[in-house]
Every structure is written in structure tokens, then in C-alpha cells.
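**Q** Pasting a structure below so you can have a look.
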Amino acid sequence: MNLITLNWPSVPKHSLSLLIKLLNNIYQTKVVQLYNFELVWPLLGDFCSDTGYLFVVAKTKTQQLNEDTAKNHILVIQPNTLQHEAVFQALPVEDAQLISTQGTSTQMYVYLQTKTQAQVYSMLTNPVLIVEPSINDPQFAASIDVSLEIFNFEDSPSITIKQPIKVINTQTKVYVDKTKFKANSIEIDSKDYAKKEKKLGTDWFSGQISGFQITCDQCNKATNGVQLTQTVEKANVQFYKPYKIKSINHNIAQANDALIFLNDDDTQKDIIPLDLPSEDYQCFASTYSENYILSLCHDGTQYTVYATSGISLTGWFPVGEVLKLGKLTKKIQILQNDFLIVLDNQSFAISKINMENDNWELDEEYVINLSQIQTQYEDLLTFTPNDFLVTAVNKVDDIQHYKVLITSGEGVFFQDFYFQDQTLVTVNLEYVNLSAELLKIKQYAISSTQYLLVKELAAFEANTLNVFIQTSNVVQYGLKIKFATKEGQTYLTYSGLETQFLLNRYGNWNIVRNVAVSKSYAAIPYSSFDKYIVAIYPIGESTKPTTAIGSFSFTADALTFNPLNFGLFFRNEKLYANSPTSDTEQYSINAEPELTFIQTAEFPLKSEKIVIKVGNDFSTSQVDFDLKITVKPDPPGPGPDPDPKPEPEESSKLWWIILSIVGGVLLIGAIGFVIYRMKKKRDGDDYDSMN
């Protein structure tokens with residue numbers, strides 16, 4: 001049986017005669033070997049236009065396979081291969097009546113209708129091996145040997161392939177150890193109206209945690225019931241609403257359209273509204289000198305620099321836009337009052353700012369680009385700078401030297417410089433293949449790993465640079481980069497590195513070019529389509545990858561999302577964030593989840609089973625416990641007389657009544673007699689006084 005392939009060129013609608021002519025130009029391109037199969041008649045099959053795969057129904061040749069009856073199969077024939085390799089797979093099926101296919105460039109779906117049932121097969125153009133961990137192992141990268149057995153028919157020879165592979169464990173599977181859960185049973189008295197709190201600890205769950213969920217009939221009520229405090233949740237504190245703060249540089253907060261000057265305790269010192277040229281104009285980050293604050297902004301088309309001046313007796317005031325930059329600018333920073341660093345996607349440039357005219361100019365003093373790099377490192381074929389960090393290092397003859405770390409591609413660049421008599425002096429451009437250096441200390445990076453943002457964790461000390469470096473597809477690294485001075489040199493050169501901590505990436509989600517780091521935590525955003533999640537990690541000295549303890553999320557259009565327009569920062573160890581559609585809000589970070597129980601006489605708690613789910617966007621696990629409300633009996637009243645007297649008989653009661661009446665008559669008579677004697681005596685006394 002011949003397989004005929006038609007190659008259709010792009011034909012304009014009006015070229016009908018050409019199309020008819022091409023239809024007559026049909027020729028054989030390939031003959032597919034069917035081996036132990038023969039096609040059924042009438043021919044039954046379908047073609048997937050997205051992949052070029054052909055699906056046809058065939059029967060086995062019974063005389064060659066020693067089978068009693070021929071068996072139906074779907075032959076999967078792949079394009080763009082040698083003819084003896086074209087039959088990609090044979091799927092045993094029942095007597096097929098109808099076959100239909102749909103798919104994408106990587107996955108196909110085959111619908112098959114038989115006499116008794118309908119079946120749908122899913123097929124990948126390239127087989128995928130899925131490795132799922134069965135134990136809770138925090139190791140990020142591990143090497144294992146995989147054995148694959150490949151065969152076509154039963155009892156036919158098979159081929160065994162052994163292949164070492166590298167397994168990456170992002171710890172997205174959540175594990176729960178119920179034996180370590182601290183709240184297996186909680187008892188509360190039914191008339192105890194004081195608020196009860198129960199900390200749950202963190203040793204009973206592991207893996208990447210994005211949040212907790214509590215489920216019960218009386219959970220998550222407004223004012224009473226059972227509440228669960230997340231490890232990360234909104235604090236209901238808005239930071240200088242309605243200003244959307246994008247970044248903070250010391251005590252200067254950069255909002256979209258204003259500069260906010262803060263005191264050390266975050267109270268307001270001053271607010272300078274920026275007179276922006278248009279509604280599309282937005283500002284993202286600021287850098288400052290003694291006399292100016294320069295804001296990196298975007299006018300809707302390209303990046304710009306907006307200046308605010310402090311040369312005034314009345315304080316700071318906006319000057320306006322002073323510089324136009326490129327469309328791919330990433331960062332700016334002032335040096336020594338009148339030098340400006342501008343980083344874009346192709347170069348790192350230090351220029352002197354010429355402020356003589358209303359529109360300032362940049363006089364380029366030094367630039368690092370691919371051409372300049374290749375004069376020293378010929379093997380480097382690309383330079384894609386992502387971020388930079390300037391730090392003061394050693395002093396030579398009382399002159400302060402500085403070192404710039406520039407992240408790019410597979411490694412980092414170090415550039416030393418200093419100022420002498422207001423002149424920029426650059427020395428020693430050095431490149432370090434960071435991926436290779438990490439592999440030397442048994443860490444992990446791959447050829448496609450890009451090094452993105454860099455944050456300084458602590459001041460330069462003992463020839464050591466302490467930095468956090470964001471990566472594109474492996475763990476996020478906290479590094480101690482060591483330097484040394486060689487004999488005859490005044491500058492420091494790279495000598496090695498150590499890891500401080502490792503933060504495991506959030507599954508296979510894409511990294512977002514934004515990060516916030518404090519002394520205790522790191523906030524790292526990830527995205528999948530239009531969903532964005534900010535994972536919170538504790539940081540500290542650790543040789544094993546640390547997982548997220550909680551998160552918060554938002555949605556945004558992935559096609560128009562600009563990381564610079566997403567505010568994420570720590571201020572006095574408090575985390576703040578805003579999305580393109582929300583105000584700047586504070587997020588509380590708690591070391592462990594906590595339960596709160598509140599009841600009143602009107603709304604008492606009741607006994608029930610409570611479920612707590614722990615999970616992320618990849619998996620969930622759960623634990624439950626019994627809430628028991630105990631009812632104590634009311635205290636008893638006064639008991640009976642311990643020595644009760646016997647009740648009197650009926651006759652005794654009658655005598656008591658008679659005696660009471662007689663006694664009453666005698667008492668009244670006695671009282672009357674006394675009154676009579678007293679009156680008689682008074683009459684006698686009156687008579688005597690008259691005589």
C-alpha cells in the first residue's frame with residue numbers, strides 16, 4: 001500500500017487556474033513499510049493536521065504471528081522520518097467503525113468508535129517520563145538510573161535501555177504527618193466564653209505551602225466560631241492609600257505619581273506630587289543624590305528620567321522629565337551626585353550627567369557591552385544584563401573602591417571602579433561562570449539557567465559579598481562570594497563562593513522579575529498564565545532547599561504585565577505589595593498557623609470534626625481533629641436537714657391551736673388591765689393638782 005503525501009503551497013484565492021494545475025502534479029514521495037500488518041478494507045483512518053501524523057486501522061497477518069485470528073490495530077504513522085521508521089506505534093483495538101483525530105503540535109487525541117463502546121486515546125509526539133517521589137526528600141537534584149523496556153508484540157524480542165537521569169524535586173507534593181499534629185482533640189467548656197487560641201506548629205507538614213483551608217459547619221464565621229490564622233495573610237493595613245507605591249529606597253517611597261518621604265517609624269514626613277505629562281506616565285523606582293531625586297518612569301512609549309530637586313529654601317519640588325532612555329531600560333542609579341548608571345538589555349553604561357540645559361544629557365564615560373566584553377573574553381557570545389549591585393569594598397590610599405556585580409546569562413560580571421578628583425576610574429572587568437562555580441560546590445544549574453535579580457543581604461565585610469540571586473529555572477540562591485587581593489594588585493578578584501541558603505522554586509511556574517528580601521524572609525513571585533503567586537520563604541543558614549511557608553496571589557493580564565509596575569517590598573520587616581489593580585497593602589507573616597475559638601451564650605460552639613487542608617497549586621493533603629464541647633452540670637442546691645424532727649400528730653396540732661387562742665385572749669386582757677390602771681392613776685393625779 002502506498003502512502004501519498006500532498007505538499008500544498010500558499011495559493012492566492014484569485015489563482016484558481018494555478019490551483020487546478022497543481023492538483024494534476026501529484027507524485028509519490030514515500031512508501032511506508034507496514035511489516036506484519038495489512039490495511040482493512042474499506043480503508044478506515046484519519047489525519048492530524050497539527051502534527052502530520054496519520055492514523056489507519058490495520059489487521060495483523062495471522063500466518064506470520066501464529067495467531068488464530070487477525071487482530072485490529074491502529075497504526076500511528078509519523079511524518080518526516082525514514083520509511084522503515086514511519087510506523088510509530090501500533091495500538092490494539094476492537095473492530096473499529098469510526099476514527100477521528102484532533103490535536104496540537106505536541107499532543108493528539110484519537111476518538112475511536114467500535115460496535116460496543118467509544119474510546120479516546122491521548123498521545124504525545126514525544127514520550128514523557130514522569131517521576132513522582134514516594135518519600136519526603138528535601139534534596140533538590142538527584143541522579144538515578146532508569147531502565148526502559150521497548151517491545152512491539154508479546155513474546156517478541158524487546159530492547160532494554162538504561163539511562164542515568166537527573167531528577168529535580170521542587171517539593172510541590174505536600175506531606176502531612178498526623179502523628180505530629182498538635183490538635184488531635186481539643187476540649188472546650190460550653191460556658192467558657194473567653195477566646196481560646198491554639199498554635200499548630202510546623203513539624204506536621206512539609207513541601208511547598210501556598211495556604212491552609214479549614215472546613216467545618218462553624219468555621220470562618222464573622223465574629224464567632226472557629227477561625228484559622230494563615231502563615232501569610234492580609235493585615236488589613238493599607239500603606240499610604242491612594243498612592244500605589246512601587247519601591248522604597250531608604251526613606252523615599254516611589255509611587256506612580258508622587259514621592260513620599262518617610263520617617264524611620266513609617267510616619268509621613270512629606271509628600272511631593274509629581275506633575276506628570278500624561279495619564280499614561282508612570283514612575284517605578286528612584287535613586288537620589290544630595291540635590292536630586294531621579295525617578296525611572298515610562299511615558300507609554302519609552303522609559304524616561306523624571307527629576308525632583310532639593311535646591312530650594314522651601315524643600316523638594318518636581319522639575320519634570322529630564323532624560324529620554326531606551327525602550328528596554330531596566331534600572332538606573334546615581335553615583336557621586338553627577339554620574340548615572342543606566343542598565344538596558346544590551347549594555348551597562350556609566351555616564352556623567354550634563355545639567356546645563358533644561359533637557360539634560362548623558363556624557364558616556366564607560367560602557368560594558370558585548371563588543372567590549374569580547375576583547376577580553378572571546379568565547380562569550382552573548383551579553384544579556386539583567387540587574388546590577390554596587391557595593392563599597394576596600395580602601396586604597398584613603399580612596400574608596402567600589403565593585404559592581406552584573407548578572408547576565410550563565411554567570412556574573414564584576415567591575416571595579418573608584419573616583420579620583422571627580423573623575424571615574426575603572427579597573428578589572430572580571431567574568432565568573434556562576435553555573436560552573438555552583439556545580440563545583442555540588443549545587444545545581446543547567447545550561448539554560450539565567451541569573452536575574454540581585455539583592456545585597458549584608459554589608460561587604462571580610463572580603464565577602466553576601467547576596468541573594470534570583471534564577472530563572474532552579475533554586476534561588478543566597479551566596480557568600482569570596483574575594484582576595486593578588487600580589488601587586490590594588491583591587492579584589494574572585495576567589496570562590498559558598499551557599500548561605502537555597503529557596504526551592506514553585507514547581508514549574510515562571511519566575512517574575514521582582515523580589516523582596518528582609519533579614520528574615522524572602523518574597524518571590526511566580527506566574528502561570530494570568531495567575532501570579534508570591535511565595536514567602538524564611539531565610540537563614542541552610543544547606544538544604546527551603547520551601548515556601550505561605551503565599552498570596554492575584555490575577556493580571558500576562559501579555560501586558562510589567563514587573564516594574566508591581567510593588568513588592570519589605571519595610572521595617574513588614575511586607576507590602578500591590579498588583580496593577582490593587583492598593584498597597586501590608587501582609588502579616590506568621591511563623592505557624594493558629595486556631596482561634598470564640599463562643600458566646602447566644603452563639604455557643606458545638607462538637608464536630610474539623611478538617612484542615614494544606615496545599616498549593618499542585619497538590620493538597622489534609623488532617624482532621626475532634627472539637628469536643630463539654631457540658632458541666634449546674635452546682636447542687638442546699639441539701640435536706642441532717643436531723644429532721646418528726647411531724648406532730650393531728651391531735652397535737654389541735655391543742656397547739658387552742659393554746660394559741662387562749663394565750664392571745666390572756667395577752668389582750670393583760671394589756672387592757674394595764675391601760676386601765678394607768679388611766680385611773682393619771683385621773684387621780686389631775687385631781688390633786690387642782691386642789
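How things are named: the first chain in the C-alpha cells is A, the next is B, and so on; residues count from 1 in each chain; ligands count from 1 in the order shown.
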Using only C-alpha atoms, which protein or nucleic acid residues come within 12 Å of Asn466 (chain A)? Drop anything in the same chain fewer than 3 positions from it, and give the result as a VMD selection string.

**A** chain A and resid 389 391 405 454 to 463 469 477 to 483 497 to 501

**Q** Can I get the selected residues back with C-alpha atoms, as an mmCIF file, in the first residue's frame?

**A**
data_model
loop_
_atom_site.group_PDB
_atom_site.id
_atom_site.type_symbol
_atom_site.label_atom_id
_atom_site.label_comp_id
_atom_site.auth_asym_id
_atom_site.auth_seq_id
_atom_site.Cartn_x
_atom_site.Cartn_y
_atom_site.Cartn_z
ATOM 1 C CA LEU A 389 24.504 45.841 42.505
ATOM 2 C CA THR A 391 28.813 47.986 46.896
ATOM 3 C CA LEU A 405 28.079 42.825 40.281
ATOM 4 C CA VAL A 454 20.476 40.507 42.802
ATOM 5 C CA LYS A 455 19.965 41.881 46.329
ATOM 6 C CA GLU A 456 22.605 42.591 48.959
ATOM 7 C CA LEU A 457 21.907 40.689 52.186
ATOM 8 C CA ALA A 458 24.562 42.322 54.366
ATOM 9 C CA ALA A 459 27.287 44.939 54.046
ATOM 10 C CA PHE A 460 30.568 43.904 52.419
ATOM 11 C CA GLU A 461 32.853 42.554 55.130
ATOM 12 C CA ALA A 462 35.971 40.365 55.346
ATOM 13 C CA ASN A 463 36.299 40.388 51.553
ATOM 14 C CA ILE A 469 20.498 35.933 43.336
ATOM 15 C CA TYR A 477 20.491 31.204 45.920
ATOM 16 C CA GLY A 478 21.795 33.060 48.937
ATOM 17 C CA LEU A 479 25.546 33.233 48.305
ATOM 18 C CA LYS A 480 28.730 34.284 50.040
ATOM 19 C CA ILE A 481 31.057 35.393 47.251
ATOM 20 C CA LYS A 482 34.686 35.492 48.350
ATOM 21 C CA PHE A 483 37.356 37.865 47.028
ATOM 22 C CA LEU A 497 31.756 31.046 46.844
ATOM 23 C CA GLU A 498 29.625 29.333 49.474
ATOM 24 C CA THR A 499 25.881 28.935 49.789
ATOM 25 C CA GLN A 500 24.004 30.603 52.648
ATOM 26 C CA PHE A 501 20.560 29.274 51.795
#

**Q** Kindly provide the residues of region 496-599 of chain A that approach region 263-285 of chain A to within 12 Å, each paired with its closest atom pair and their distance in Å to one decimal, based on only C-alpha atoms, listed by chain and increasing number, as JSON lines.

**A**
{"residue": "A:Asn562", "atom": "CA", "partner": "A:Phe284", "partner_atom": "CA", "distance": 10.5}
{"residue": "A:Pro563", "atom": "CA", "partner": "A:Phe284", "partner_atom": "CA", "distance": 9.8}
{"residue": "A:Leu564", "atom": "CA", "partner": "A:Phe284", "partner_atom": "CA", "distance": 6.0}
{"residue": "A:Asn565", "atom": "CA", "partner": "A:Phe284", "partner_atom": "CA", "distance": 6.5}
{"residue": "A:Phe566", "atom": "CA", "partner": "A:Phe284", "partner_atom": "CA", "distance": 8.7}
{"residue": "A:Gly567", "atom": "CA", "partner": "A:Phe284", "partner_atom": "CA", "distance": 8.4}
{"residue": "A:Leu568", "atom": "CA", "partner": "A:Phe284", "partner_atom": "CA", "distance": 11.3}
{"residue": "A:Phe569", "atom": "CA", "partner": "A:Ala285", "partner_atom": "CA", "distance": 11.7}
{"residue": "A:Phe570", "atom": "CA", "partner": "A:Asp266", "partner_atom": "CA", "distance": 11.8}
{"residue": "A:Arg571", "atom": "CA", "partner": "A:Asp266", "partner_atom": "CA", "distance": 8.2}
{"residue": "A:Asn572", "atom": "CA", "partner": "A:Asp265", "partner_atom": "CA", "distance": 8.0}
{"residue": "A:Glu573", "atom": "CA", "partner": "A:Asp265", "partner_atom": "CA", "distance": 11.5}
{"residue": "A:Lys574", "atom": "CA", "partner": "A:Asp266", "partner_atom": "CA", "distance": 10.8}
{"residue": "A:Pro580", "atom": "CA", "partner": "A:Gln282", "partner_atom": "CA", "distance": 11.8}

**Q** Can you pull out every residue within 10 Å of region 356-358 of chain A, counting only C-alpha atoms, but drop anything in the same chain fewer than 5 positions away, and send it as a ChimeraX atom specification?

**A** /A:319-323

**Q** From the options A:Thr384, A:Thr546, A:Gln400, A:Gln476, which residue's atoms come nearest to Val515 (chain A), counting only C-alpha atoms?

**A**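 Looking only at the distances to Val515 (chain A), the closest residue turns out to be A:Gln476.
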
**Q** Pick out the closest residue to Asn504 (chain A) from this set: A:Thr449, A:Gln208, A:Tyr576, A:Lys324. Count only C-alpha atoms.

**A**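 The answer is A:Gln208, which sits nearest to Asn504 (chain A).
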
**Q** List the neighbours of Trp204 (chain A) out to 12 Å using only C-alpha atoms; skip same-chain residues closer than 5 positions along the sequence, and give me the result as a list of chain:residue names.

**A** A:Val174, A:Tyr175, A:Val176, A:Asp177, A:Lys178, A:Thr179, A:Lys180, A:Phe181, A:Lys182, A:Ala183, A:Asn184, A:Glu592, A:Pro593, A:Ile612, A:Val614, A:Ser621, A:Gln622, A:Val623

**Q** When DSSP works through the backbone of this structure, what residues of region 302-403 of chain A end up as alpha helix (DSSP H), shown as a PyMOL selection string?

**A** chain A and resi 370-374
